[in-house]
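Dropping final.txt in here (compact mmCIF, C-alpha atoms):
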# COMPACT_ATOMS: atom_id res chain seq x y z
CA MET A 1 12.27 -11.92 18.49
CA HIS A 2 8.94 -13.63 17.84
CA PRO A 3 5.99 -11.19 18.01
CA ARG A 4 4.13 -13.17 20.69
CA THR A 5 7.31 -13.30 22.78
CA MET A 6 7.62 -9.53 22.43
CA GLN A 7 4.05 -9.07 23.61
CA THR A 8 4.54 -11.40 26.57
CA LEU A 9 7.79 -9.72 27.56
CA GLY A 10 6.10 -6.32 27.26
CA ILE A 11 3.24 -7.40 29.51
CA LEU A 12 5.69 -8.80 32.07
CA MET A 13 7.68 -5.56 32.04
CA ILE A 14 4.54 -3.47 32.47
CA GLY A 15 3.37 -5.71 35.32
CA ALA A 16 6.76 -5.62 37.05
CA SER A 17 6.93 -1.84 36.72
CA VAL A 18 3.45 -1.31 38.16
CA PHE A 19 4.05 -3.82 40.95
CA LEU A 20 7.37 -2.27 41.98
CA GLU A 21 6.01 1.29 41.80
CA MET A 22 3.05 0.31 43.98
CA ALA A 23 5.26 -1.56 46.44
CA PHE A 24 7.62 1.37 46.91
CA LEU A 25 4.77 3.88 47.04
CA GLY A 26 3.12 1.69 49.68
CA PHE A 27 6.33 1.70 51.69
CA LEU A 28 6.48 5.51 51.44
CA ALA A 29 2.83 5.78 52.45
CA ILE A 30 3.41 3.62 55.53
CA GLN A 31 6.39 5.76 56.51
CA ARG A 32 4.31 8.91 56.01
CA VAL A 33 1.46 7.55 58.18
CA ARG A 34 3.96 6.71 60.95
CA ALA A 35 5.17 10.30 60.72
CA GLU A 36 8.67 9.10 59.88
CA LEU A 37 8.55 10.91 56.54
CA THR A 38 7.69 14.53 55.78
CA PRO A 39 5.29 15.47 52.98
CA GLY A 40 8.24 16.80 50.97
CA GLY A 41 10.14 13.54 51.51
CA PHE A 42 7.10 11.58 50.38
CA ALA A 43 6.76 13.71 47.22
CA LEU A 44 10.48 13.41 46.46
CA GLY A 45 10.40 9.64 47.01
CA ALA A 46 7.33 9.25 44.76
CA PHE A 47 9.03 11.31 42.05
CA LEU A 48 12.20 9.22 42.26
CA ILE A 49 10.21 5.98 42.14
CA PHE A 50 8.43 7.21 39.02
CA LEU A 51 11.73 8.35 37.51
CA VAL A 52 13.43 4.99 38.14
CA PHE A 53 10.60 2.72 36.96
CA SER A 54 9.13 4.76 34.09
CA PRO A 55 11.74 3.49 31.55
CA LEU A 56 10.71 -0.08 32.39
CA LEU A 57 7.05 0.85 31.93
CA ILE A 58 7.71 2.66 28.64
CA ALA A 59 9.83 -0.21 27.27
CA GLY A 60 7.10 -2.67 28.25
CA ILE A 61 4.40 -0.67 26.50
CA TYR A 62 6.58 -0.36 23.39
CA LEU A 63 7.31 -4.11 23.25
CA TRP A 64 3.67 -4.99 23.83
CA ARG A 65 2.40 -2.70 21.04
CA ARG A 66 5.22 -3.53 18.61
CA GLY A 67 4.65 -7.25 19.17
CA GLY A 68 0.98 -6.81 18.33
CA VAL A 69 1.78 -4.98 15.10
CA GLU A 70 4.34 -7.59 14.08
CA ALA A 71 1.94 -10.42 14.94
CA ARG A 72 -0.69 -8.95 12.61
CA GLU A 73 1.90 -8.48 9.85
CA ALA A 74 3.11 -12.07 10.29
CA GLU A 75 -0.47 -13.33 10.11
CA VAL A 76 -1.07 -11.51 6.81
CA ALA A 77 2.24 -12.81 5.41
CA GLU A 78 1.25 -16.36 6.39
CA LYS A 79 -2.15 -15.97 4.68
CA GLN A 80 -0.42 -14.69 1.54
CA ARG A 81 1.99 -17.65 1.67
CA GLN A 82 -0.98 -20.03 1.92
CA LEU A 83 -2.77 -18.24 -0.92
CA LEU A 84 0.27 -18.48 -3.18
CA GLY A 85 0.67 -22.16 -2.30
CA MET A 86 -2.98 -22.86 -3.13
CA ILE A 87 -2.70 -21.16 -6.51
CA GLN A 88 0.58 -22.86 -7.43
CA ALA A 89 -0.62 -26.29 -6.31
CA ARG A 90 -4.02 -26.22 -8.01
CA GLY A 91 -3.46 -23.90 -10.98
CA LYS A 92 -7.12 -22.81 -10.86
CA VAL A 93 -8.83 -21.80 -7.63
CA ALA A 94 -12.24 -20.34 -6.89
CA LEU A 95 -12.15 -17.11 -4.88
CA SER A 96 -14.87 -18.51 -2.64
CA ASP A 97 -12.65 -21.50 -1.81
CA ILE A 98 -9.74 -19.20 -1.03
CA ALA A 99 -11.90 -17.01 1.20
CA LEU A 100 -13.26 -20.03 3.07
CA GLU A 101 -9.91 -21.77 3.53
CA LEU A 102 -8.14 -18.59 4.66
CA ARG A 103 -11.12 -17.32 6.69
CA ALA A 104 -11.04 -13.99 4.90
CA SER A 105 -13.38 -11.71 3.00
CA ARG A 106 -13.30 -11.40 -0.77
CA ASP A 107 -11.83 -7.90 -0.41
CA GLN A 108 -9.00 -9.21 1.78
CA VAL A 109 -8.25 -11.93 -0.77
CA ARG A 110 -8.23 -9.32 -3.54
CA ALA A 111 -5.81 -7.12 -1.56
CA TRP A 112 -3.53 -10.10 -0.89
CA ILE A 113 -3.51 -10.99 -4.60
CA TYR A 114 -2.52 -7.46 -5.56
CA ASP A 115 0.18 -7.47 -2.86
CA LEU A 116 1.61 -10.70 -4.30
CA VAL A 117 1.54 -9.20 -7.79
CA HIS A 118 3.33 -6.04 -6.66
CA MET A 119 5.96 -8.13 -4.88
CA GLY A 120 6.50 -10.05 -8.11
CA LEU A 121 5.48 -13.38 -6.57
CA PHE A 122 2.37 -14.15 -8.60
CA SER A 123 1.58 -14.15 -12.30
CA GLY A 124 -1.62 -15.43 -13.75
CA TYR A 125 -5.09 -14.10 -14.30
CA ILE A 126 -8.38 -13.72 -12.52
CA ASN A 127 -11.89 -13.65 -13.83
CA TRP A 128 -13.78 -11.58 -11.27
CA SER A 129 -17.21 -12.32 -12.75
CA GLU A 130 -16.70 -16.09 -12.47
CA GLY A 131 -14.63 -15.77 -9.30
CA LEU A 132 -11.76 -17.91 -10.59
CA LEU A 133 -8.05 -17.34 -10.14
CA TYR A 134 -5.65 -18.97 -12.59
CA SER A 135 -1.91 -19.44 -12.33
CA ALA A 136 -0.17 -18.96 -15.66
CA GLU A 137 3.23 -18.23 -17.09
CA ALA A 138 3.78 -14.49 -17.58
CA ALA A 139 5.77 -14.97 -20.78
CA ALA A 140 2.98 -16.95 -22.46
CA LEU A 141 0.38 -14.31 -21.56
CA ARG A 142 2.63 -11.43 -22.57
CA ASP A 143 3.52 -13.00 -25.93
CA ALA A 144 -0.02 -14.10 -26.78
CA GLY A 145 -1.54 -10.62 -26.32
CA LYS A 146 -4.94 -12.28 -26.02
CA CYS A 147 -7.10 -12.94 -22.98
CA PRO A 148 -6.75 -16.55 -21.85
CA ASN A 149 -10.43 -16.47 -20.83
CA CYS A 150 -12.23 -15.04 -23.88
CA GLY A 151 -9.51 -14.42 -26.49
CA GLY A 152 -10.05 -10.65 -26.58
CA ALA A 153 -7.28 -8.09 -26.97
CA LEU A 154 -5.66 -7.08 -23.69
CA GLU A 155 -4.92 -3.61 -22.36
CA LEU A 156 -2.59 -2.44 -19.62
CA ALA A 157 -4.49 -1.70 -16.39
CA GLY A 158 -1.65 -0.89 -14.02
CA LYS A 159 1.73 -1.97 -12.77
CA GLY A 160 1.99 -5.70 -13.44
CA VAL A 161 -1.72 -5.94 -14.31
CA ILE A 162 -3.33 -6.39 -17.73
CA ARG A 163 -7.12 -6.21 -18.03
CA CYS A 164 -9.38 -7.68 -20.66
CA PRO A 165 -11.93 -5.01 -21.65
CA TYR A 166 -14.33 -7.68 -22.92
CA CYS A 167 -14.73 -10.16 -20.06
CA GLY A 168 -13.10 -8.23 -17.20
CA ALA A 169 -10.41 -10.85 -16.52
CA GLU A 170 -7.25 -9.41 -14.97
CA ILE A 171 -3.88 -10.92 -15.83
CA PHE A 172 -1.11 -10.49 -13.28
CA LEU A 173 2.47 -10.46 -14.50
CA ALA A 174 5.40 -11.17 -12.22
CA ARG A 175 8.53 -9.16 -12.78
Would you encode the structure as structure tokens?
Amino acid sequence: MHPRTMQTLGILMIGASVFLEMAFLGFLAIQRVRAELTPGGFALGAFLIFLVFSPLLIAGIYLWRRGGVEAREAEVAEKQRQLLGMIQARGKVALSDIALELRASRDQVRAWIYDLVHMGLFSGYINWSEGLLYSAEAAALRDAGKCPNCGGALELAGKGVIRCPYCGAEIFLAR
């Protein structure tokens, strides 16, 4: 189910639950005022109303919250898809351009890049000082053993990441 549909359905369920609970409680209150219902009957009726409609309320709250979480996750996935498309289409992209086009901070862009690297979807390198992201073939970078930016020797910086100790460029290798 689409996240926005989940949220809408959750809100409708919450609204229906609250409306029905209030309607039945109003009916009980009217019967109590007319003295056609004892205080114990009123309390028992209110308890039963809550018991019957609480699952609807709980399910509505769950769908509403879960839809919100999934909508945020889908938004991040879409931004990562756009980022990957930009890199693959252009080959060389400025981080500032990425941040502007995706309406994101530099830190968000950095996190998305590392996520793509860890998922094995992106290989290339980035020069943080110049703010440029390059798409490159992992095999060529791995075989060369030299930084594509300055020609310096490369060293392993983490899972799927090689860092140049001379210029600070980071090379991302897809699995």
Residues near Gln7 in chain A, cut-off 6 Å, all atoms listed in the file, skip fewer than 5 positions along chain, as a ChimeraX atom specification = /A:63-64,67
Can those selected residues be exported to a file as a PDB file, in the frame of the given file so that it contains C-alpha atoms?
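Contents of the output file out-v8.pdb:
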ATOM      1  CA  LEU A  63       7.310  -4.110  23.250  1.00  0.00           C
ATOM      2  CA  TRP A  64       3.670  -4.990  23.830  1.00  0.00           C
ATOM      3  CA  GLY A  67       4.650  -7.250  19.170  1.00  0.00           C
TER       4      GLY A  67
END
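Straight-line separation from CA of Leu28 in chain A to CA of Ile14 in chain A: 21.1 Å.
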Using CA of Arg163 in chain A and CA of Glu73 in chain A as the two end points, give the distance in Å to one decimal.
-> 29.4 Å
Which one of A:Lys92, A:Arg81, A:Arg72, A:Arg32 sits closest to Ser135 in chain A if you count all atoms listed in the file?
->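 Of the candidates, the smallest distance to Ser135 in chain A is held by A:Lys92.
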Selection near Gly10 in chain A, 12 Å with all atoms listed in the file, sequence-local residues under 5 positions removed, as a ChimeraX atom specification = /A:3-5,15-17,56-68
Excluding Ile171 in chain A and any residue of its chain fewer than 5 positions from it, enumerate the residues within 6 Å of it, using all atoms listed in the file, and give them as JSON, numbers by chain.
-> {"A": [124, 125, 161, 162]}
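Excluding Glu101 in chain A and any residue on its chain fewer than 2 positions from it, the residues at most 10 Å away by only C-alpha atoms are Lys79, Gln82, Leu83, Met86, Leu95, Ser96, Asp97, Ile98, Ala99, Arg103 and Ala104 of chain A.
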Go ahead and dump the residues you just picked, C-alpha atoms, as a PDB file, in the coordinates of the input.
ATOM      1  CA  LYS A  79      -2.150 -15.970   4.680  1.00  0.00           C
ATOM      2  CA  GLN A  82      -0.980 -20.030   1.920  1.00  0.00           C
ATOM      3  CA  LEU A  83      -2.770 -18.240  -0.920  1.00  0.00           C
ATOM      4  CA  MET A  86      -2.980 -22.860  -3.130  1.00  0.00           C
ATOM      5  CA  LEU A  95     -12.150 -17.110  -4.880  1.00  0.00           C
ATOM      6  CA  SER A  96     -14.870 -18.510  -2.640  1.00  0.00           C
ATOM      7  CA  ASP A  97     -12.650 -21.500  -1.810  1.00  0.00           C
ATOM      8  CA  ILE A  98      -9.740 -19.200  -1.030  1.00  0.00           C
ATOM      9  CA  ALA A  99     -11.900 -17.010   1.200  1.00  0.00           C
ATOM     10  CA  ARG A 103     -11.120 -17.320   6.690  1.00  0.00           C
ATOM     11  CA  ALA A 104     -11.040 -13.990   4.900  1.00  0.00           C
TER      12      ALA A 104
END
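In this model, the gap between CA of Ile126 in chain A and CA of Gly168 in chain A comes to 8.6 Å.
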List the residues sitting within 12 Å of (-13.5, -5.6, -21.6) in the file's frame, using all atoms listed in the file, as a CSV table (one decimal) with C-alpha atoms, in the frame of the given file.
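Contents of selection.csv, freshly written:
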chain,number,residue,atom,x,y,z
A,127,ASN,CA,-11.9,-13.6,-13.8
A,128,TRP,CA,-13.8,-11.6,-11.3
A,129,SER,CA,-17.2,-12.3,-12.8
A,146,LYS,CA,-4.9,-12.3,-26.0
A,147,CYS,CA,-7.1,-12.9,-23.0
A,149,ASN,CA,-10.4,-16.5,-20.8
A,150,CYS,CA,-12.2,-15.0,-23.9
A,151,GLY,CA,-9.5,-14.4,-26.5
A,152,GLY,CA,-10.0,-10.6,-26.6
A,153,ALA,CA,-7.3,-8.1,-27.0
A,154,LEU,CA,-5.7,-7.1,-23.7
A,155,GLU,CA,-4.9,-3.6,-22.4
A,156,LEU,CA,-2.6,-2.4,-19.6
A,157,ALA,CA,-4.5,-1.7,-16.4
A,162,ILE,CA,-3.3,-6.4,-17.7
A,163,ARG,CA,-7.1,-6.2,-18.0
A,164,CYS,CA,-9.4,-7.7,-20.7
A,165,PRO,CA,-11.9,-5.0,-21.6
A,166,TYR,CA,-14.3,-7.7,-22.9
A,167,CYS,CA,-14.7,-10.2,-20.1
A,168,GLY,CA,-13.1,-8.2,-17.2
A,169,ALA,CA,-10.4,-10.8,-16.5
A,170,GLU,CA,-7.2,-9.4,-15.0
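Comparing the minimum interatomic distances between Gln80 in chain A and each of A:Leu44, A:Leu121, A:Leu100, A:Leu51, counting all atoms listed in the file, we find that A:Leu121 sits nearest.
The smallest atom-to-atom distance between Phe53 in chain A and any of A:Glu70, A:Glu78, A:Asp107, A:Glu21, using all atoms listed in the file, is found for A:Glu21.
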Restricted to N, CA, C and O atoms, what does range 83-97 of chain A look like when written out as a compact mmCIF listing (two decimals), in the first residue's frame?
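Final output, part_13.txt:
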# COMPACT_ATOMS: atom_id res chain seq x y z
N LEU A 83 20.08 11.18 -7.23
CA LEU A 83 21.51 11.41 -7.08
C LEU A 83 22.30 10.46 -7.98
O LEU A 83 23.19 10.89 -8.72
N LEU A 84 21.96 9.19 -7.94
CA LEU A 84 22.65 8.21 -8.77
C LEU A 84 22.46 8.52 -10.25
O LEU A 84 23.41 8.43 -11.04
N GLY A 85 21.26 8.92 -10.63
CA GLY A 85 21.00 9.29 -12.02
C GLY A 85 21.83 10.49 -12.45
O GLY A 85 22.36 10.52 -13.58
N MET A 86 21.96 11.48 -11.58
CA MET A 86 22.76 12.67 -11.90
C MET A 86 24.22 12.29 -12.13
O MET A 86 24.86 12.76 -13.08
N ILE A 87 24.74 11.44 -11.24
CA ILE A 87 26.15 11.06 -11.34
C ILE A 87 26.39 10.25 -12.61
O ILE A 87 27.35 10.49 -13.35
N GLN A 88 25.50 9.29 -12.88
CA GLN A 88 25.68 8.44 -14.05
C GLN A 88 25.50 9.23 -15.35
O GLN A 88 26.19 8.97 -16.33
N ALA A 89 24.60 10.18 -15.36
CA ALA A 89 24.35 10.95 -16.58
C ALA A 89 25.47 11.95 -16.87
O ALA A 89 25.84 12.14 -18.03
N ARG A 90 26.00 12.57 -15.85
CA ARG A 90 26.99 13.64 -16.06
C ARG A 90 28.44 13.16 -15.93
O ARG A 90 29.33 13.79 -16.48
N GLY A 91 28.67 12.14 -15.11
CA GLY A 91 30.03 11.67 -14.90
C GLY A 91 30.79 12.46 -13.86
O GLY A 91 31.55 11.93 -13.09
N LYS A 92 30.58 13.78 -13.83
CA LYS A 92 31.24 14.66 -12.86
C LYS A 92 30.21 15.68 -12.40
O LYS A 92 29.62 16.38 -13.23
N VAL A 93 29.97 15.73 -11.10
CA VAL A 93 28.94 16.61 -10.57
C VAL A 93 29.48 17.35 -9.34
O VAL A 93 30.14 16.74 -8.50
N ALA A 94 29.19 18.62 -9.27
CA ALA A 94 29.57 19.40 -8.09
C ALA A 94 28.59 19.11 -6.95
O ALA A 94 27.38 19.00 -7.17
N LEU A 95 29.14 18.95 -5.74
CA LEU A 95 28.28 18.69 -4.58
C LEU A 95 27.27 19.81 -4.37
O LEU A 95 26.14 19.55 -3.95
N SER A 96 27.67 21.03 -4.66
CA SER A 96 26.75 22.15 -4.51
C SER A 96 25.56 22.03 -5.46
O SER A 96 24.43 22.33 -5.09
N ASP A 97 25.82 21.55 -6.68
CA ASP A 97 24.73 21.34 -7.64
C ASP A 97 23.78 20.25 -7.16
O ASP A 97 22.56 20.37 -7.27
